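Dumped start_25.pdb below, it's PDB, C-alpha atoms and all ligand atoms:
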MODEL        1
ATOM      1  CA  MET A   1      53.106  41.374 -25.114  1.00  0.00           C
ATOM      2  CA  THR A   2      50.544  41.433 -27.901  1.00  0.00           C
ATOM      3  CA  SER A   3      50.479  42.442 -31.529  1.00  0.00           C
ATOM      4  CA  THR A   4      48.547  44.653 -33.883  1.00  0.00           C
ATOM      5  CA  ARG A   5      48.878  44.354 -37.653  1.00  0.00           C
ATOM      6  CA  GLY A   6      51.731  41.923 -37.177  1.00  0.00           C
ATOM      7  CA  ARG A   7      53.812  44.367 -35.181  1.00  0.00           C
ATOM      8  CA  ALA A   8      54.686  43.371 -31.645  1.00  0.00           C
ATOM      9  CA  PHE A   9      54.583  45.869 -28.840  1.00  0.00           C
ATOM     10  CA  ALA A  10      54.618  45.890 -25.083  1.00  0.00           C
ATOM     11  CA  CYS A  11      51.767  47.396 -23.091  1.00  0.00           C
ATOM     12  CA  ARG A  12      53.055  48.781 -19.849  1.00  0.00           C
ATOM     13  CA  PHE A  13      51.508  50.926 -17.198  1.00  0.00           C
ATOM     14  CA  LEU A  14      53.234  51.754 -13.948  1.00  0.00           C
ATOM     15  CA  PRO A  15      51.364  50.943 -10.730  1.00  0.00           C
ATOM     16  CA  VAL A  16      49.676  53.817  -8.926  1.00  0.00           C
ATOM     17  CA  VAL A  17      48.734  53.794  -5.233  1.00  0.00           C
ATOM     18  CA  CYS A  18      46.522  56.328  -3.439  1.00  0.00           C
ATOM     19  CA  ASP A  19      47.400  55.507   0.128  1.00  0.00           C
ATOM     20  CA  GLY A  20      46.258  58.314   2.381  1.00  0.00           C
ATOM     21  CA  GLY A  21      49.863  59.136   3.197  1.00  0.00           C
ATOM     22  CA  ARG A  22      50.312  55.858   5.093  1.00  0.00           C
ATOM     23  CA  LEU A  23      53.075  54.816   2.732  1.00  0.00           C
ATOM     24  CA  GLY A  24      54.670  58.222   2.732  1.00  0.00           C
ATOM     25  CA  ARG A  25      52.873  59.524  -0.309  1.00  0.00           C
ATOM     26  CA  ASP A  26      50.529  62.442  -0.673  1.00  0.00           C
ATOM     27  CA  ASP A  27      47.588  60.814  -2.429  1.00  0.00           C
ATOM     28  CA  ILE A  28      44.504  59.862  -0.432  1.00  0.00           C
ATOM     29  CA  GLU A  29      41.112  58.399  -1.087  1.00  0.00           C
ATOM     30  CA  GLY A  30      39.045  61.343  -2.225  1.00  0.00           C
ATOM     31  CA  ASP A  31      41.966  63.027  -3.946  1.00  0.00           C
ATOM     32  CA  ASP A  32      42.081  63.941  -7.583  1.00  0.00           C
ATOM     33  CA  VAL A  33      44.122  61.541  -9.715  1.00  0.00           C
ATOM     34  CA  THR A  34      45.788  62.638 -12.938  1.00  0.00           C
ATOM     35  CA  LEU A  35      47.030  60.083 -15.442  1.00  0.00           C
ATOM     36  CA  ARG A  36      49.203  61.210 -18.353  1.00  0.00           C
ATOM     37  CA  LEU A  37      49.171  58.596 -21.103  1.00  0.00           C
ATOM     38  CA  PHE A  38      51.369  58.743 -24.186  1.00  0.00           C
ATOM     39  CA  GLY A  39      50.784  56.537 -27.229  1.00  0.00           C
ATOM     40  CA  VAL A  40      54.064  54.909 -28.188  1.00  0.00           C
ATOM     41  CA  ASN A  41      52.975  51.890 -30.209  1.00  0.00           C
ATOM     42  CA  GLY A  42      49.750  50.820 -31.815  1.00  0.00           C
ATOM     43  CA  ASP A  43      47.617  53.137 -33.949  1.00  0.00           C
ATOM     44  CA  ALA A  44      44.967  53.725 -31.316  1.00  0.00           C
ATOM     45  CA  HIS A  45      44.034  52.828 -27.763  1.00  0.00           C
ATOM     46  CA  GLU A  46      40.493  53.403 -26.573  1.00  0.00           C
ATOM     47  CA  VAL A  47      40.933  53.727 -22.807  1.00  0.00           C
ATOM     48  CA  TRP A  48      38.672  54.383 -19.843  1.00  0.00           C
ATOM     49  CA  VAL A  49      38.769  54.060 -16.056  1.00  0.00           C
ATOM     50  CA  GLU A  50      36.375  51.934 -14.026  1.00  0.00           C
ATOM     51  CA  ALA A  51      35.769  52.632 -10.320  1.00  0.00           C
ATOM     52  CA  PRO A  52      35.921  49.818  -7.738  1.00  0.00           C
ATOM     53  CA  ASP A  53      32.130  49.440  -7.895  1.00  0.00           C
ATOM     54  CA  GLY A  54      32.264  49.000 -11.685  1.00  0.00           C
ATOM     55  CA  THR A  55      30.904  52.420 -12.555  1.00  0.00           C
ATOM     56  CA  LEU A  56      32.692  54.615 -15.077  1.00  0.00           C
ATOM     57  CA  ALA A  57      35.166  57.005 -13.437  1.00  0.00           C
ATOM     58  CA  VAL A  58      36.513  58.298 -16.773  1.00  0.00           C
ATOM     59  CA  PRO A  59      34.625  57.907 -20.069  1.00  0.00           C
ATOM     60  CA  ALA A  60      36.431  56.335 -23.030  1.00  0.00           C
ATOM     61  CA  VAL A  61      38.923  58.432 -24.962  1.00  0.00           C
ATOM     62  CA  THR A  62      41.230  57.447 -27.797  1.00  0.00           C
ATOM     63  CA  ILE A  63      45.007  57.745 -27.560  1.00  0.00           C
ATOM     64  CA  ASN A  64      46.765  57.797 -30.906  1.00  0.00           C
ATOM     65  CA  ARG A  65      50.441  57.088 -31.491  1.00  0.00           C
ATOM     66  CA  GLY A  66      52.575  60.116 -30.681  1.00  0.00           C
ATOM     67  CA  ARG A  67      49.820  61.845 -28.705  1.00  0.00           C
ATOM     68  CA  GLU A  68      49.400  62.474 -25.007  1.00  0.00           C
ATOM     69  CA  VAL A  69      46.063  62.268 -23.230  1.00  0.00           C
ATOM     70  CA  VAL A  70      45.490  63.479 -19.679  1.00  0.00           C
ATOM     71  CA  LEU A  71      42.781  61.720 -17.680  1.00  0.00           C
ATOM     72  CA  THR A  72      41.599  63.029 -14.327  1.00  0.00           C
ATOM     73  CA  PHE A  73      39.164  61.677 -11.791  1.00  0.00           C
ATOM     74  CA  THR A  74      38.486  61.812  -8.078  1.00  0.00           C
ATOM     75  CA  ALA A  75      39.247  58.583  -6.217  1.00  0.00           C
ATOM     76  CA  GLU A  76      36.052  58.722  -4.152  1.00  0.00           C
ATOM     77  CA  GLN A  77      36.039  55.013  -3.366  1.00  0.00           C
ATOM     78  CA  ALA A  78      38.590  52.791  -1.669  1.00  0.00           C
ATOM     79  CA  GLY A  79      39.606  49.855  -3.799  1.00  0.00           C
ATOM     80  CA  HIS A  80      40.944  49.110  -7.248  1.00  0.00           C
ATOM     81  CA  TYR A  81      40.343  51.515 -10.096  1.00  0.00           C
ATOM     82  CA  ARG A  82      41.001  49.910 -13.487  1.00  0.00           C
ATOM     83  CA  LEU A  83      42.479  51.683 -16.488  1.00  0.00           C
ATOM     84  CA  LYS A  84      41.425  49.572 -19.457  1.00  0.00           C
ATOM     85  CA  CYS A  85      42.180  49.565 -23.174  1.00  0.00           C
ATOM     86  CA  GLY A  86      39.390  48.227 -25.348  1.00  0.00           C
ATOM     87  CA  ASN A  87      41.741  47.585 -28.267  1.00  0.00           C
ATOM     88  CA  HIS A  88      44.171  45.422 -26.341  1.00  0.00           C
ATOM     89  CA  ALA A  89      42.168  43.760 -23.588  1.00  0.00           C
ATOM     90  CA  PRO A  90      42.847  41.922 -21.437  1.00  0.00           C
ATOM     91  CA  THR A  91      46.604  42.535 -21.436  1.00  0.00           C
ATOM     92  CA  MET A  92      46.578  46.333 -21.518  1.00  0.00           C
ATOM     93  CA  GLU A  93      45.130  47.176 -18.149  1.00  0.00           C
ATOM     94  CA  ALA A  94      46.422  49.093 -15.129  1.00  0.00           C
ATOM     95  CA  ASP A  95      45.441  48.845 -11.493  1.00  0.00           C
ATOM     96  CA  ILE A  96      45.143  52.034  -9.471  1.00  0.00           C
ATOM     97  CA  LEU A  97      44.771  51.224  -5.789  1.00  0.00           C
ATOM     98  CA  SER A  98      42.941  53.715  -3.586  1.00  0.00           C
ATOM     99  CA  ILE A  99      43.282  53.011   0.156  1.00  0.00           C
TER     100      ILE A  99
HETATM  101 CU    CU T   1      45.862  49.595 -26.061  1.00  0.00          CU
ENDMDL
END

When written as structure tokens, how does the structure in this file appear?
Amino acid sequence: MTSTRGRAFACRFLPVVCDGGRLGRDDIEGDDVTLRLFGVNGDAHEVWVEAPDGTLAVPAVTINRGREVVLTFTAEQAGHYRLKCGNHAPTMEADILSI
């Protein structure tokens, strides 16, 4: 929980796992990943995705309240991809596990 301009809001992302089908899912390392993000609270969220090696998997884009942004990337590496928000770090961050 954090606040912007005195208004409290929760930052929540659901966990995502790319597991090569080992956990009964279809995603695998090397697959394309699509993230649909919708701005509910906060005026703006500048978000990007970092690959496990720290390189940029998705360049920064801004999500405004009431708008949806679709991010896509290929999970070429095994490990933890990080969806980060520059406006609400470090609390607004999601982990996308590619195995
Ligand atoms: Cu944010």

Selected by the PyMOL selection byres (((chain A and resi 82-92) around 7) and not hetatm) in the shown coordinates: which residues, as a short mmCIF file (atom, residue, chain, number, x, y, z; two decimals) with C-alpha atoms, in the frame of the given file?
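In the end it all went to part_38.cif:
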data_model
loop_
_atom_site.label_atom_id
_atom_site.label_comp_id
_atom_site.auth_asym_id
_atom_site.auth_seq_id
_atom_site.Cartn_x
_atom_site.Cartn_y
_atom_site.Cartn_z
CA CYS A 11 51.77 47.40 -23.09
CA HIS A 45 44.03 52.83 -27.76
CA GLU A 46 40.49 53.40 -26.57
CA VAL A 47 40.93 53.73 -22.81
CA TRP A 48 38.67 54.38 -19.84
CA VAL A 49 38.77 54.06 -16.06
CA GLU A 50 36.38 51.93 -14.03
CA ALA A 51 35.77 52.63 -10.32
CA HIS A 80 40.94 49.11 -7.25
CA TYR A 81 40.34 51.52 -10.10
CA GLU A 93 45.13 47.18 -18.15
CA ALA A 94 46.42 49.09 -15.13
CA ASP A 95 45.44 48.84 -11.49
CA ILE A 96 45.14 52.03 -9.47
#

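Across A:Gln77, A:Thr55, A:Asn64, A:Thr34, the tightest approach to ligand CU 1 (chain T) is made by A:Asn64 when counting all atoms listed in the file.
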
If you measure from atom CA of A:Ala78 to atom CA of A:Arg36, what distance in Å do you get, rounded to one decimal?
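Interatomic distance here is 21.5 Å.
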
So which residues get picked by the PyMOL selection byres (((chain A and resi 75) around 6) and not hetatm) here, written as number ranges by chain?
A: 29-31, 74, 76-77

Writing out the chosen residues with C-alpha atoms as a PDB file, keeping the file's coordinate frame:
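Output (selection.pdb):
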ATOM      1  CA  GLU A  29      41.112  58.399  -1.087  1.00  0.00           C
ATOM      2  CA  GLY A  30      39.045  61.343  -2.225  1.00  0.00           C
ATOM      3  CA  ASP A  31      41.966  63.027  -3.946  1.00  0.00           C
ATOM      4  CA  THR A  74      38.486  61.812  -8.078  1.00  0.00           C
ATOM      5  CA  GLU A  76      36.052  58.722  -4.152  1.00  0.00           C
ATOM      6  CA  GLN A  77      36.039  55.013  -3.366  1.00  0.00           C
TER       7      GLN A  77
END

Counting all atoms listed in the file, which of A:Asn41, A:Leu97, A:Gly79, A:Leu35 gets nearest to A:Val58?
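For A:Val58, the nearest of the candidates is A:Leu35.
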
Report, in Å with one decimal, the straight-line distance from atom CA of A:Gly42 to atom CA of A:Ser98.
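Pair atom CA of A:Gly42 / atom CA of A:Ser98 returns 29.2 Å.
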
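Shortest separation to ligand CU 1 (chain T) among A:Asp32, A:Val70, A:Gly54, A:Val61 occurs at residue A:Val61, atoms counted being only C-alpha atoms and all ligand atoms.
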
Kindly give the distance, in Å, that separates atom CA of A:Gly39 and atom CA of A:Pro52, rounded to a single decimal.
25.4 Å

Between A:Asp53, A:Pro59, A:Val33, A:Asp43, single out the one closest to ligand CU 1 (chain T), counting all atoms listed in the file.
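Among the listed residues, the smallest separation from ligand CU 1 (chain T) belongs to A:Asp43.
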
Let me make sure I understand: among A:Ala44, A:Ile99, A:Leu71, A:Leu37, which one has the smallest atom-to-atom distance to ligand CU 1 (chain T) if we use only C-alpha atoms and all ligand atoms?
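Among A:Ala44, A:Ile99, A:Leu71, A:Leu37, it is A:Ala44 that comes nearest to ligand CU 1 (chain T).
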